[in-house]
Amino acid sequence: MSGEGEALIEDAGNSRRRKIGLIAAGIVGGAAVTISAVAAPFVLPAMRKICLPYVPATQEQVGNVFKLLQGRSGSLVDLGSGDGRIVIAAAKQGFRAVGYELNPWLVWYSRLSAIRHGVFGKARFYRRDLFKANFAELDNVVIFGVPQLMPPLEEKLSQELQRNAKVVACRFVFPTWLPSQTIEAGVDSVWAYEAKDIVMRYLWED
């Protein structure tokens, strides 16, 4: 075979390898983008003034929440409901359960999870800023917050809660409220607050 023919074959081989490399790079890049798009909303906080990172509640935390809500009924809202496990557990126990979450991916994930657990229609999820929500008619409030969220939320709840409401805080306490019940369990600790005490204190100080 002539040198010219060998050169043509070599060029064709190089061209084919380049095409294969580009296709492989495209596949890998596309997969990475897809994985990032799906995973990022679950591990990064939604864009908000106060960041609430998505940290799933443990089974012990969920159990502790409902120990403090034992004997309670009516409506329940989970603020920053994440993947919906608190709301779904509440619906299974007969609460009219609602989750407020800013991250749209988590809202849709929670709705699908409610279908999977057989409580679709009983566990409802909304994309909502908790500071724009009204808590005046709620019976039970659950919050997995962060330290910088608790002071402004404390003030809002003090003004809006009805007297028979109960608030359960997980991981972080409210800055000035005194809990009526506590389960000390490290990162799974929970604190319960009675609205009748909160409202009376708020009115007295005002």
# chains A, B, ... in the order shown; residues from 1 in each chain; ligands from 1

$ residues_around --residues "segment 153-163 of chain A" --least-positions-apart "2" --cutoff "9 Å" --atoms "only C-alpha atoms" --output "JSON, numbers by chain"
{"A": [130, 131, 134, 135, 136, 137, 138, 139, 149, 150, 151, 165, 166, 174, 175, 176, 177, 194, 195, 196, 197, 198, 199, 200, 201, 202, 203]}

$ residues_around --residues "Ala192 of chain A" --least-positions-apart "4" --cutoff "7 Å" --atoms "only C-alpha atoms" --output "PDB file with all heavy atoms, in the first residue's frame"
ATOM      1  N   LEU A  68     -44.628  13.876  71.480  1.00  0.00           N
ATOM      2  CA  LEU A  68     -45.063  15.142  72.058  1.00  0.00           C
ATOM      3  C   LEU A  68     -46.429  15.569  71.547  1.00  0.00           C
ATOM      4  O   LEU A  68     -47.070  16.432  72.162  1.00  0.00           O
ATOM      5  CB  LEU A  68     -44.029  16.245  71.766  1.00  0.00           C
ATOM      6  CG  LEU A  68     -42.646  16.062  72.386  1.00  0.00           C
ATOM      7  CD1 LEU A  68     -41.796  17.308  72.199  1.00  0.00           C
ATOM      8  CD2 LEU A  68     -42.741  15.721  73.869  1.00  0.00           C
ATOM      9  N   LYS A 166     -50.380  23.940  69.526  1.00  0.00           N
ATOM     10  CA  LYS A 166     -49.145  23.404  70.085  1.00  0.00           C
ATOM     11  C   LYS A 166     -48.069  23.458  69.019  1.00  0.00           C
ATOM     12  O   LYS A 166     -48.322  23.157  67.849  1.00  0.00           O
ATOM     13  CB  LYS A 166     -49.348  21.962  70.558  1.00  0.00           C
ATOM     14  CG  LYS A 166     -48.171  21.390  71.369  1.00  0.00           C
ATOM     15  CD  LYS A 166     -48.586  20.090  72.035  1.00  0.00           C
ATOM     16  CE  LYS A 166     -47.540  19.616  73.040  1.00  0.00           C
ATOM     17  NZ  LYS A 166     -48.018  18.440  73.800  1.00  0.00           N
ATOM     18  N   VAL A 167     -46.857  23.838  69.432  1.00  0.00           N
ATOM     19  CA  VAL A 167     -45.724  23.950  68.512  1.00  0.00           C
ATOM     20  C   VAL A 167     -44.650  22.967  68.952  1.00  0.00           C
ATOM     21  O   VAL A 167     -44.313  22.896  70.137  1.00  0.00           O
ATOM     22  CB  VAL A 167     -45.141  25.381  68.505  1.00  0.00           C
ATOM     23  CG1 VAL A 167     -43.978  25.473  67.516  1.00  0.00           C
ATOM     24  CG2 VAL A 167     -46.217  26.407  68.174  1.00  0.00           C
ATOM     25  N   VAL A 168     -44.125  22.215  67.983  1.00  0.00           N
ATOM     26  CA  VAL A 168     -43.014  21.302  68.265  1.00  0.00           C
ATOM     27  C   VAL A 168     -41.816  21.732  67.439  1.00  0.00           C
ATOM     28  O   VAL A 168     -41.891  21.801  66.208  1.00  0.00           O
ATOM     29  CB  VAL A 168     -43.378  19.840  67.943  1.00  0.00           C
ATOM     30  CG1 VAL A 168     -42.166  18.934  68.178  1.00  0.00           C
ATOM     31  CG2 VAL A 168     -44.548  19.375  68.805  1.00  0.00           C
ATOM     32  N   ALA A 169     -40.721  22.059  68.111  1.00  0.00           N
ATOM     33  CA  ALA A 169     -39.483  22.472  67.443  1.00  0.00           C
ATOM     34  C   ALA A 169     -38.474  21.337  67.507  1.00  0.00           C
ATOM     35  O   ALA A 169     -38.340  20.669  68.537  1.00  0.00           O
ATOM     36  CB  ALA A 169     -38.905  23.717  68.107  1.00  0.00           C
ATOM     37  N   PRO A 179     -40.339  25.695  76.983  1.00  0.00           N
ATOM     38  CA  PRO A 179     -41.039  24.492  76.536  1.00  0.00           C
ATOM     39  C   PRO A 179     -41.850  23.854  77.663  1.00  0.00           C
ATOM     40  O   PRO A 179     -41.453  23.895  78.827  1.00  0.00           O
ATOM     41  CB  PRO A 179     -39.909  23.572  76.073  1.00  0.00           C
ATOM     42  CG  PRO A 179     -38.716  24.025  76.838  1.00  0.00           C
ATOM     43  CD  PRO A 179     -38.877  25.500  77.018  1.00  0.00           C
ATOM     44  N   SER A 180     -42.978  23.266  77.286  1.00  0.00           N
ATOM     45  CA  SER A 180     -43.797  22.538  78.252  1.00  0.00           C
ATOM     46  C   SER A 180     -43.360  21.082  78.355  1.00  0.00           C
ATOM     47  O   SER A 180     -43.589  20.430  79.377  1.00  0.00           O
ATOM     48  CB  SER A 180     -45.270  22.594  77.838  1.00  0.00           C
ATOM     49  OG  SER A 180     -45.451  22.036  76.533  1.00  0.00           O
ATOM     50  N   GLN A 181     -42.729  20.570  77.303  1.00  0.00           N
ATOM     51  CA  GLN A 181     -42.224  19.196  77.274  1.00  0.00           C
ATOM     52  C   GLN A 181     -40.928  19.173  76.462  1.00  0.00           C
ATOM     53  O   GLN A 181     -40.773  19.937  75.504  1.00  0.00           O
ATOM     54  CB  GLN A 181     -43.230  18.251  76.622  1.00  0.00           C
ATOM     55  CG  GLN A 181     -44.564  18.107  77.337  1.00  0.00           C
ATOM     56  CD  GLN A 181     -45.563  17.386  76.451  1.00  0.00           C
ATOM     57  OE1 GLN A 181     -46.185  17.990  75.584  1.00  0.00           O
ATOM     58  NE2 GLN A 181     -45.712  16.088  76.663  1.00  0.00           N
ATOM     59  N   THR A 182     -40.052  18.260  76.817  1.00  0.00           N
ATOM     60  CA  THR A 182     -38.787  18.118  76.102  1.00  0.00           C
ATOM     61  C   THR A 182     -38.404  16.648  76.015  1.00  0.00           C
ATOM     62  O   THR A 182     -38.585  15.900  76.983  1.00  0.00           O
ATOM     63  CB  THR A 182     -37.652  18.878  76.825  1.00  0.00           C
ATOM     64  OG1 THR A 182     -37.993  20.259  76.912  1.00  0.00           O
ATOM     65  CG2 THR A 182     -36.336  18.748  76.062  1.00  0.00           C
TER      66      THR A 182
END

$ closest_residue --among "A:Ala91, A:Ile86, A:Leu102, A:Val141" --to "Tyr193 of chain A" --atoms "only C-alpha atoms"
A:Val141

$ residues_around --residues "Arg85 of chain A" --least-positions-apart "2" --cutoff "9 Å" --atoms "only C-alpha atoms" --output "compact mmCIF listing (two decimals) with all heavy atoms, in the first residue's frame"
# COMPACT_ATOMS: atom_id res chain seq x y z
N PRO A 56 -32.91 15.36 55.91
CA PRO A 56 -34.03 14.48 56.23
C PRO A 56 -34.11 14.15 57.72
O PRO A 56 -33.09 13.92 58.37
CB PRO A 56 -33.73 13.21 55.41
CG PRO A 56 -32.78 13.65 54.35
CD PRO A 56 -31.98 14.76 54.94
N ALA A 57 -35.32 14.14 58.25
CA ALA A 57 -35.53 13.74 59.64
C ALA A 57 -35.26 12.25 59.79
O ALA A 57 -35.59 11.45 58.92
CB ALA A 57 -36.96 14.06 60.05
N VAL A 62 -38.80 11.65 63.94
CA VAL A 62 -40.23 11.56 63.62
C VAL A 62 -40.98 10.97 64.81
O VAL A 62 -42.05 11.48 65.22
CB VAL A 62 -40.45 10.70 62.36
CG1 VAL A 62 -41.95 10.50 62.10
CG2 VAL A 62 -39.80 11.35 61.14
N SER A 81 -41.12 21.46 54.96
CA SER A 81 -41.49 20.05 55.07
C SER A 81 -40.55 19.09 54.35
O SER A 81 -40.72 17.87 54.46
CB SER A 81 -42.93 19.85 54.58
OG SER A 81 -43.10 20.36 53.27
N GLY A 82 -39.59 19.60 53.59
CA GLY A 82 -38.58 18.73 52.98
C GLY A 82 -39.19 17.64 52.12
O GLY A 82 -39.97 17.91 51.21
N ASP A 83 -38.86 16.39 52.41
CA ASP A 83 -39.35 15.27 51.60
C ASP A 83 -40.71 14.77 52.06
O ASP A 83 -41.21 13.77 51.54
CB ASP A 83 -38.35 14.12 51.59
CG ASP A 83 -38.09 13.52 52.97
OD1 ASP A 83 -38.80 13.90 53.93
OD2 ASP A 83 -37.18 12.69 53.09
N VAL A 87 -45.26 15.09 57.44
CA VAL A 87 -46.65 15.30 57.00
C VAL A 87 -47.31 13.96 56.69
O VAL A 87 -48.47 13.72 57.05
CB VAL A 87 -46.68 16.22 55.77
CG1 VAL A 87 -48.11 16.41 55.27
CG2 VAL A 87 -46.07 17.58 56.11
N ILE A 88 -46.60 13.09 56.03
CA ILE A 88 -47.15 11.77 55.68
C ILE A 88 -47.43 10.96 56.95
O ILE A 88 -48.48 10.34 57.08
CB ILE A 88 -46.18 11.02 54.75
CG1 ILE A 88 -46.20 11.70 53.36
CG2 ILE A 88 -46.54 9.55 54.64
CD1 ILE A 88 -45.12 11.22 52.42
N ALA A 89 -46.50 11.00 57.91
CA ALA A 89 -46.72 10.30 59.18
C ALA A 89 -47.93 10.88 59.91
O ALA A 89 -48.71 10.14 60.51
CB ALA A 89 -45.47 10.39 60.05
N ALA A 90 -48.08 12.21 59.86
CA ALA A 90 -49.22 12.86 60.52
C ALA A 90 -50.54 12.45 59.87
O ALA A 90 -51.53 12.18 60.56
CB ALA A 90 -49.05 14.37 60.47
N SER A 110 -42.61 15.10 47.52
CA SER A 110 -43.49 14.80 48.65
C SER A 110 -44.86 14.33 48.18
O SER A 110 -45.45 13.41 48.76
CB SER A 110 -43.63 16.03 49.55
OG SER A 110 -42.38 16.41 50.09
N SER A 113 -44.53 10.87 47.04
CA SER A 113 -44.34 10.01 48.20
C SER A 113 -45.67 9.76 48.91
O SER A 113 -45.92 8.66 49.42
CB SER A 113 -43.33 10.64 49.16
OG SER A 113 -43.01 9.76 50.21
N ALA A 114 -46.53 10.79 48.95
CA ALA A 114 -47.84 10.63 49.58
C ALA A 114 -48.68 9.60 48.83
O ALA A 114 -49.40 8.80 49.44
CB ALA A 114 -48.57 11.98 49.61

$ closest_residue --among "A:Arg111, A:Arg96, A:Lys122, A:Arg128" --to "Gly74 of chain A" --atoms "only C-alpha atoms"
A:Arg96

$ select_by_dssp --residues "segment 85-153 of chain A" --states "helix (DSSP H, G or I)" --output "mmCIF file with all heavy atoms, in the first residue's frame"
data_model
loop_
_atom_site.group_PDB
_atom_site.id
_atom_site.type_symbol
_atom_site.label_atom_id
_atom_site.label_comp_id
_atom_site.auth_asym_id
_atom_site.auth_seq_id
_atom_site.Cartn_x
_atom_site.Cartn_y
_atom_site.Cartn_z
ATOM 1 N N ARG A 85 -41.883 13.577 55.048
ATOM 2 C CA ARG A 85 -42.092 12.416 55.921
ATOM 3 C C ARG A 85 -42.885 12.736 57.183
ATOM 4 O O ARG A 85 -43.663 11.896 57.655
ATOM 5 C CB ARG A 85 -40.763 11.739 56.261
ATOM 6 C CG ARG A 85 -39.757 12.571 57.029
ATOM 7 C CD ARG A 85 -38.430 11.820 57.151
ATOM 8 N NE ARG A 85 -37.799 11.644 55.836
ATOM 9 C CZ ARG A 85 -36.755 10.844 55.624
ATOM 10 N NH1 ARG A 85 -36.241 10.155 56.627
ATOM 11 N NH2 ARG A 85 -36.223 10.748 54.424
ATOM 12 N N ILE A 86 -42.715 13.948 57.756
ATOM 13 C CA ILE A 86 -43.503 14.324 58.927
ATOM 14 C C ILE A 86 -44.978 14.441 58.553
ATOM 15 O O ILE A 86 -45.870 13.949 59.260
ATOM 16 C CB ILE A 86 -43.006 15.655 59.513
ATOM 17 C CG1 ILE A 86 -41.636 15.481 60.173
ATOM 18 C CG2 ILE A 86 -44.018 16.219 60.526
ATOM 19 C CD1 ILE A 86 -41.647 14.782 61.496
ATOM 20 N N VAL A 87 -45.263 15.092 57.440
ATOM 21 C CA VAL A 87 -46.648 15.296 57.000
ATOM 22 C C VAL A 87 -47.313 13.957 56.690
ATOM 23 O O VAL A 87 -48.471 13.723 57.050
ATOM 24 C CB VAL A 87 -46.685 16.223 55.771
ATOM 25 C CG1 VAL A 87 -48.112 16.412 55.274
ATOM 26 C CG2 VAL A 87 -46.074 17.580 56.113
ATOM 27 N N ILE A 88 -46.601 13.088 56.026
ATOM 28 C CA ILE A 88 -47.147 11.767 55.683
ATOM 29 C C ILE A 88 -47.426 10.963 56.951
ATOM 30 O O ILE A 88 -48.484 10.336 57.084
ATOM 31 C CB ILE A 88 -46.178 11.025 54.747
ATOM 32 C CG1 ILE A 88 -46.200 11.697 53.360
ATOM 33 C CG2 ILE A 88 -46.537 9.549 54.639
ATOM 34 C CD1 ILE A 88 -45.117 11.220 52.418
ATOM 35 N N ALA A 89 -46.501 11.001 57.909
ATOM 36 C CA ALA A 89 -46.718 10.303 59.176
ATOM 37 C C ALA A 89 -47.925 10.882 59.912
ATOM 38 O O ALA A 89 -48.715 10.141 60.509
ATOM 39 C CB ALA A 89 -45.467 10.395 60.048
ATOM 40 N N ALA A 90 -48.078 12.208 59.863
ATOM 41 C CA ALA A 90 -49.217 12.855 60.522
ATOM 42 C C ALA A 90 -50.536 12.448 59.870
ATOM 43 O O ALA A 90 -51.525 12.178 60.557
ATOM 44 C CB ALA A 90 -49.048 14.373 60.467
ATOM 45 N N ALA A 91 -50.551 12.386 58.540
ATOM 46 C CA ALA A 91 -51.760 11.981 57.829
ATOM 47 C C ALA A 91 -52.159 10.563 58.194
ATOM 48 O O ALA A 91 -53.345 10.246 58.351
ATOM 49 C CB ALA A 91 -51.549 12.117 56.323
ATOM 50 N N LYS A 92 -51.183 9.692 58.347
ATOM 51 C CA LYS A 92 -51.460 8.298 58.728
ATOM 52 C C LYS A 92 -52.061 8.209 60.129
ATOM 53 O O LYS A 92 -52.766 7.247 60.441
ATOM 54 C CB LYS A 92 -50.173 7.476 58.659
ATOM 55 C CG LYS A 92 -49.683 7.199 57.238
ATOM 56 C CD LYS A 92 -48.409 6.360 57.260
ATOM 57 C CE LYS A 92 -47.964 6.016 55.845
ATOM 58 N NZ LYS A 92 -46.717 5.200 55.837
ATOM 59 N N PRO A 104 -39.448 23.634 44.953
ATOM 60 C CA PRO A 104 -40.492 22.970 44.154
ATOM 61 C C PRO A 104 -40.213 21.496 43.913
ATOM 62 O O PRO A 104 -41.146 20.695 43.821
ATOM 63 C CB PRO A 104 -40.502 23.767 42.848
ATOM 64 C CG PRO A 104 -39.148 24.405 42.761
ATOM 65 C CD PRO A 104 -38.762 24.698 44.181
ATOM 66 N N TRP A 105 -38.942 21.115 43.794
ATOM 67 C CA TRP A 105 -38.606 19.711 43.585
ATOM 68 C C TRP A 105 -39.049 18.874 44.781
ATOM 69 O O TRP A 105 -39.587 17.769 44.626
ATOM 70 C CB TRP A 105 -37.102 19.549 43.370
ATOM 71 C CG TRP A 105 -36.594 20.113 42.085
ATOM 72 C CD1 TRP A 105 -36.215 21.397 41.848
ATOM 73 C CD2 TRP A 105 -36.410 19.411 40.852
ATOM 74 N NE1 TRP A 105 -35.801 21.549 40.549
ATOM 75 C CE2 TRP A 105 -35.910 20.342 39.914
ATOM 76 C CE3 TRP A 105 -36.605 18.090 40.457
ATOM 77 C CZ2 TRP A 105 -35.608 19.987 38.603
ATOM 78 C CZ3 TRP A 105 -36.306 17.724 39.154
ATOM 79 C CH2 TRP A 105 -35.815 18.680 38.239
ATOM 80 N N LEU A 106 -38.837 19.387 45.977
ATOM 81 C CA LEU A 106 -39.228 18.655 47.173
ATOM 82 C C LEU A 106 -40.745 18.594 47.328
ATOM 83 O O LEU A 106 -41.286 17.611 47.835
ATOM 84 C CB LEU A 106 -38.592 19.293 48.409
ATOM 85 C CG LEU A 106 -37.080 19.096 48.539
ATOM 86 C CD1 LEU A 106 -36.519 19.937 49.681
ATOM 87 C CD2 LEU A 106 -36.729 17.629 48.754
ATOM 88 N N VAL A 107 -41.424 19.644 46.895
ATOM 89 C CA VAL A 107 -42.893 19.633 46.939
ATOM 90 C C VAL A 107 -43.433 18.500 46.069
ATOM 91 O O VAL A 107 -44.292 17.713 46.489
ATOM 92 C CB VAL A 107 -43.470 20.987 46.490
ATOM 93 C CG1 VAL A 107 -44.991 20.900 46.331
ATOM 94 C CG2 VAL A 107 -43.113 22.085 47.496
ATOM 95 N N TRP A 108 -42.921 18.404 44.842
ATOM 96 C CA TRP A 108 -43.387 17.343 43.941
ATOM 97 C C TRP A 108 -42.968 15.971 44.430
ATOM 98 O O TRP A 108 -43.734 14.997 44.336
ATOM 99 C CB TRP A 108 -42.867 17.595 42.518
ATOM 100 C CG TRP A 108 -43.655 18.658 41.814
ATOM 101 C CD1 TRP A 108 -43.270 19.942 41.550
ATOM 102 C CD2 TRP A 108 -44.994 18.538 41.324
ATOM 103 N NE1 TRP A 108 -44.275 20.626 40.923
ATOM 104 C CE2 TRP A 108 -45.343 19.797 40.767
ATOM 105 C CE3 TRP A 108 -45.927 17.504 41.303
ATOM 106 C CZ2 TRP A 108 -46.593 20.023 40.192
ATOM 107 C CZ3 TRP A 108 -47.174 17.739 40.727
ATOM 108 C CH2 TRP A 108 -47.493 18.979 40.178
ATOM 109 N N TYR A 109 -41.763 15.865 44.966
ATOM 110 C CA TYR A 109 -41.314 14.593 45.520
ATOM 111 C C TYR A 109 -42.240 14.159 46.658
ATOM 112 O O TYR A 109 -42.615 12.979 46.766
ATOM 113 C CB TYR A 109 -39.878 14.717 46.023
ATOM 114 C CG TYR A 109 -39.350 13.446 46.650
ATOM 115 C CD1 TYR A 109 -38.740 12.467 45.868
ATOM 116 C CD2 TYR A 109 -39.476 13.218 48.017
ATOM 117 C CE1 TYR A 109 -38.265 11.290 46.434
ATOM 118 C CE2 TYR A 109 -39.012 12.049 48.591
ATOM 119 C CZ TYR A 109 -38.405 11.087 47.800
ATOM 120 O OH TYR A 109 -37.955 9.927 48.375
ATOM 121 N N SER A 110 -42.612 15.105 47.524
ATOM 122 C CA SER A 110 -43.486 14.796 48.654
ATOM 123 C C SER A 110 -44.855 14.330 48.184
ATOM 124 O O SER A 110 -45.451 13.407 48.760
ATOM 125 C CB SER A 110 -43.630 16.031 49.546
ATOM 126 O OG SER A 110 -42.376 16.413 50.087
ATOM 127 N N ARG A 111 -45.368 14.974 47.148
ATOM 128 C CA ARG A 111 -46.680 14.569 46.621
ATOM 129 C C ARG A 111 -46.632 13.147 46.067
ATOM 130 O O ARG A 111 -47.560 12.356 46.283
ATOM 131 C CB ARG A 111 -47.126 15.554 45.540
ATOM 132 C CG ARG A 111 -47.487 16.940 46.094
ATOM 133 C CD ARG A 111 -47.713 17.954 44.990
ATOM 134 N NE ARG A 111 -48.073 19.257 45.544
ATOM 135 C CZ ARG A 111 -48.160 20.379 44.820
ATOM 136 N NH1 ARG A 111 -47.898 20.345 43.520
ATOM 137 N NH2 ARG A 111 -48.500 21.509 45.399
ATOM 138 N N LEU A 112 -45.562 12.825 45.367
ATOM 139 C CA LEU A 112 -45.411 11.455 44.856
ATOM 140 C C LEU A 112 -45.261 10.462 46.005
ATOM 141 O O LEU A 112 -45.795 9.350 45.963
ATOM 142 C CB LEU A 112 -44.192 11.378 43.926
ATOM 143 C CG LEU A 112 -44.315 12.128 42.592
ATOM 144 C CD1 LEU A 112 -42.990 12.116 41.849
ATOM 145 C CD2 LEU A 112 -45.413 11.514 41.727
ATOM 146 N N SER A 113 -44.529 10.875 47.043
ATOM 147 C CA SER A 113 -44.343 10.007 48.200
ATOM 148 C C SER A 113 -45.670 9.764 48.912
ATOM 149 O O SER A 113 -45.925 8.663 49.416
ATOM 150 C CB SER A 113 -43.327 10.639 49.161
ATOM 151 O OG SER A 113 -43.007 9.759 50.213
ATOM 152 N N ALA A 114 -46.526 10.790 48.955
ATOM 153 C CA ALA A 114 -47.843 10.632 49.580
ATOM 154 C C ALA A 114 -48.679 9.599 48.826
ATOM 155 O O ALA A 114 -49.398 8.801 49.442
ATOM 156 C CB ALA A 114 -48.570 11.975 49.613
ATOM 157 N N ILE A 115 -48.582 9.588 47.496
ATOM 158 C CA ILE A 115 -49.272 8.569 46.693
ATOM 159 C C ILE A 115 -48.737 7.192 47.037
ATOM 160 O O ILE A 115 -49.493 6.231 47.249
ATOM 161 C CB ILE A 115 -49.099 8.867 45.193
ATOM 162 C CG1 ILE A 115 -49.792 10.182 44.820
ATOM 163 C CG2 ILE A 115 -49.651 7.717 44.343
ATOM 164 C CD1 ILE A 115 -49.517 10.636 43.400
ATOM 165 N N ARG A 116 -47.419 7.081 47.104
ATOM 166 C CA ARG A 116 -46.776 5.799 47.389
ATOM 167 C C ARG A 116 -47.174 5.256 48.764
ATOM 168 O O ARG A 116 -47.308 4.053 48.949
ATOM 169 C CB ARG A 116 -45.258 5.953 47.296
ATOM 170 C CG ARG A 116 -44.506 4.631 47.339
ATOM 171 C CD ARG A 116 -43.036 4.803 46.995
ATOM 172 N NE ARG A 116 -42.314 5.555 48.002
ATOM 173 C CZ ARG A 116 -41.865 6.787 47.846
ATOM 174 N NH1 ARG A 116 -42.081 7.430 46.712
ATOM 175 N NH2 ARG A 116 -41.198 7.410 48.803
ATOM 176 N N LEU A 130 -43.074 30.443 54.504
ATOM 177 C CA LEU A 130 -43.758 30.344 55.789
ATOM 178 C C LEU A 130 -44.046 31.707 56.406
ATOM 179 O O LEU A 130 -44.972 31.858 57.209
ATOM 180 C CB LEU A 130 -42.971 29.453 56.746
ATOM 181 C CG LEU A 130 -41.553 29.865 57.162
ATOM 182 C CD1 LEU A 130 -41.584 30.749 58.399
ATOM 183 C CD2 LEU A 130 -40.717 28.628 57.444
ATOM 184 N N PHE A 131 -43.255 32.743 56.027
ATOM 185 C CA PHE A 131 -43.495 34.073 56.582
ATOM 186 C C PHE A 131 -44.665 34.780 55.894
ATOM 187 O O PHE A 131 -45.099 35.840 56.329
ATOM 188 C CB PHE A 131 -42.231 34.923 56.507
ATOM 189 C CG PHE A 131 -41.200 34.513 57.522
ATOM 190 C CD1 PHE A 131 -40.099 33.768 57.149
ATOM 191 C CD2 PHE A 131 -41.352 34.843 58.861
ATOM 192 C CE1 PHE A 131 -39.162 33.369 58.082
ATOM 193 C CE2 PHE A 131 -40.411 34.453 59.801
ATOM 194 C CZ PHE A 131 -39.314 33.715 59.413
ATOM 195 N N LYS A 132 -45.173 34.187 54.821
ATOM 196 C CA LYS A 132 -46.361 34.725 54.152
ATOM 197 C C LYS A 132 -47.600 33.891 54.456
ATOM 198 O O LYS A 132 -48.690 34.183 53.970
ATOM 199 C CB LYS A 132 -46.118 34.790 52.649
ATOM 200 C CG LYS A 132 -45.011 35.760 52.253
ATOM 201 C CD LYS A 132 -44.793 35.781 50.752
ATOM 202 C CE LYS A 132 -43.669 36.747 50.382
ATOM 203 N NZ LYS A 132 -43.407 36.759 48.917
ATOM 204 N N MET A 150 -35.361 31.047 64.010
ATOM 205 C CA MET A 150 -36.225 30.915 65.177
ATOM 206 C C MET A 150 -36.718 32.246 65.765
ATOM 207 O O MET A 150 -37.896 32.350 66.125
ATOM 208 C CB MET A 150 -35.531 30.074 66.252
ATOM 209 C CG MET A 150 -35.043 28.699 65.751
ATOM 210 S SD MET A 150 -36.306 27.754 64.871
ATOM 211 C CE MET A 150 -37.156 26.979 66.245
ATOM 212 N N PRO A 151 -35.888 33.304 65.890
ATOM 213 C CA PRO A 151 -36.411 34.554 66.460
ATOM 214 C C PRO A 151 -37.549 35.178 65.651
ATOM 215 O O PRO A 151 -38.598 35.498 66.228
ATOM 216 C CB PRO A 151 -35.171 35.465 66.510
ATOM 217 C CG PRO A 151 -34.027 34.509 66.597
ATOM 218 C CD PRO A 151 -34.416 33.355 65.731
ATOM 219 N N PRO A 152 -37.411 35.380 64.314
ATOM 220 C CA PRO A 152 -38.533 35.969 63.586
ATOM 221 C C PRO A 152 -39.762 35.071 63.547
ATOM 222 O O PRO A 152 -40.900 35.553 63.555
ATOM 223 C CB PRO A 152 -37.971 36.216 62.184
ATOM 224 C CG PRO A 152 -36.808 35.303 62.052
ATOM 225 C CD PRO A 152 -36.248 35.186 63.428
ATOM 226 N N LEU A 153 -39.557 33.749 63.517
ATOM 227 C CA LEU A 153 -40.688 32.835 63.520
ATOM 228 C C LEU A 153 -41.389 32.870 64.880
ATOM 229 O O LEU A 153 -42.627 32.805 64.950
ATOM 230 C CB LEU A 153 -40.222 31.423 63.198
ATOM 231 C CG LEU A 153 -41.335 30.370 63.119
ATOM 232 C CD1 LEU A 153 -42.351 30.735 62.044
ATOM 233 C CD2 LEU A 153 -40.739 28.995 62.839
#

$ atom_distance --atom1 "atom CA of Asn140 of chain A" --atom2 "atom CA of Asn164 of chain A"
8.9 Å

$ atom_distance --atom1 "atom CA of Gln148 of chain A" --atom2 "atom CA of Val173 of chain A"
11.0 Å

$ closest_residue --among "A:Tyr100, A:Gln61, A:Leu79, A:Arg127" --to "Trp191 of chain A" --atoms "only C-alpha atoms"
A:Gln61

$ select_by_dssp --residues "segment 45-148 of chain A" --states "strand (DSSP E)" --output "list in words"
Ser75, Leu76, Val77, Asp78, Leu79, Arg96, Ala97, Val98, Gly99, Tyr100, Glu101, Ala123, Arg124, Phe125, Tyr126, Arg127, Asn140, Val141, Val142, Ile143 and Phe144 of chain A

$ atom_distance --atom1 "atom CA of Arg171 of chain A" --atom2 "atom CA of Val187 of chain A"
5.7 Å

$ decode --residues "segment 125-136 of chain A" --atoms "N, CA and C atoms" --output "PDB file, in the first residue's frame"
ATOM      1  N   PHE A 125     -49.234  19.237  50.111  1.00  0.00           N
ATOM      2  CA  PHE A 125     -47.965  19.975  50.093  1.00  0.00           C
ATOM      3  C   PHE A 125     -48.088  21.192  49.188  1.00  0.00           C
ATOM      4  N   TYR A 126     -47.547  22.321  49.682  1.00  0.00           N
ATOM      5  CA  TYR A 126     -47.625  23.573  48.946  1.00  0.00           C
ATOM      6  C   TYR A 126     -46.260  24.255  48.928  1.00  0.00           C
ATOM      7  N   ARG A 127     -45.981  24.896  47.817  1.00  0.00           N
ATOM      8  CA  ARG A 127     -44.774  25.729  47.728  1.00  0.00           C
ATOM      9  C   ARG A 127     -45.134  27.094  48.313  1.00  0.00           C
ATOM     10  N   ARG A 128     -44.678  27.328  49.517  1.00  0.00           N
ATOM     11  CA  ARG A 128     -45.116  28.531  50.223  1.00  0.00           C
ATOM     12  C   ARG A 128     -44.032  29.036  51.160  1.00  0.00           C
ATOM     13  N   ASP A 129     -43.865  30.347  51.192  1.00  0.00           N
ATOM     14  CA  ASP A 129     -42.968  31.006  52.134  1.00  0.00           C
ATOM     15  C   ASP A 129     -43.674  31.034  53.487  1.00  0.00           C
ATOM     16  N   LEU A 130     -43.074  30.443  54.504  1.00  0.00           N
ATOM     17  CA  LEU A 130     -43.758  30.344  55.789  1.00  0.00           C
ATOM     18  C   LEU A 130     -44.046  31.707  56.406  1.00  0.00           C
ATOM     19  N   PHE A 131     -43.255  32.743  56.027  1.00  0.00           N
ATOM     20  CA  PHE A 131     -43.495  34.073  56.582  1.00  0.00           C
ATOM     21  C   PHE A 131     -44.665  34.780  55.894  1.00  0.00           C
ATOM     22  N   LYS A 132     -45.173  34.187  54.821  1.00  0.00           N
ATOM     23  CA  LYS A 132     -46.361  34.725  54.152  1.00  0.00           C
ATOM     24  C   LYS A 132     -47.600  33.891  54.456  1.00  0.00           C
ATOM     25  N   ALA A 133     -47.419  32.839  55.249  1.00  0.00           N
ATOM     26  CA  ALA A 133     -48.539  31.979  55.625  1.00  0.00           C
ATOM     27  C   ALA A 133     -49.220  32.540  56.874  1.00  0.00           C
ATOM     28  N   ASN A 134     -50.462  32.117  57.086  1.00  0.00           N
ATOM     29  CA  ASN A 134     -51.215  32.537  58.266  1.00  0.00           C
ATOM     30  C   ASN A 134     -51.448  31.316  59.150  1.00  0.00           C
ATOM     31  N   PHE A 135     -51.084  31.429  60.423  1.00  0.00           N
ATOM     32  CA  PHE A 135     -51.172  30.300  61.337  1.00  0.00           C
ATOM     33  C   PHE A 135     -52.341  30.418  62.310  1.00  0.00           C
ATOM     34  N   ALA A 136     -53.265  31.322  62.048  1.00  0.00           N
ATOM     35  CA  ALA A 136     -54.317  31.644  63.016  1.00  0.00           C
ATOM     36  C   ALA A 136     -55.255  30.486  63.305  1.00  0.00           C
TER      37      ALA A 136
END
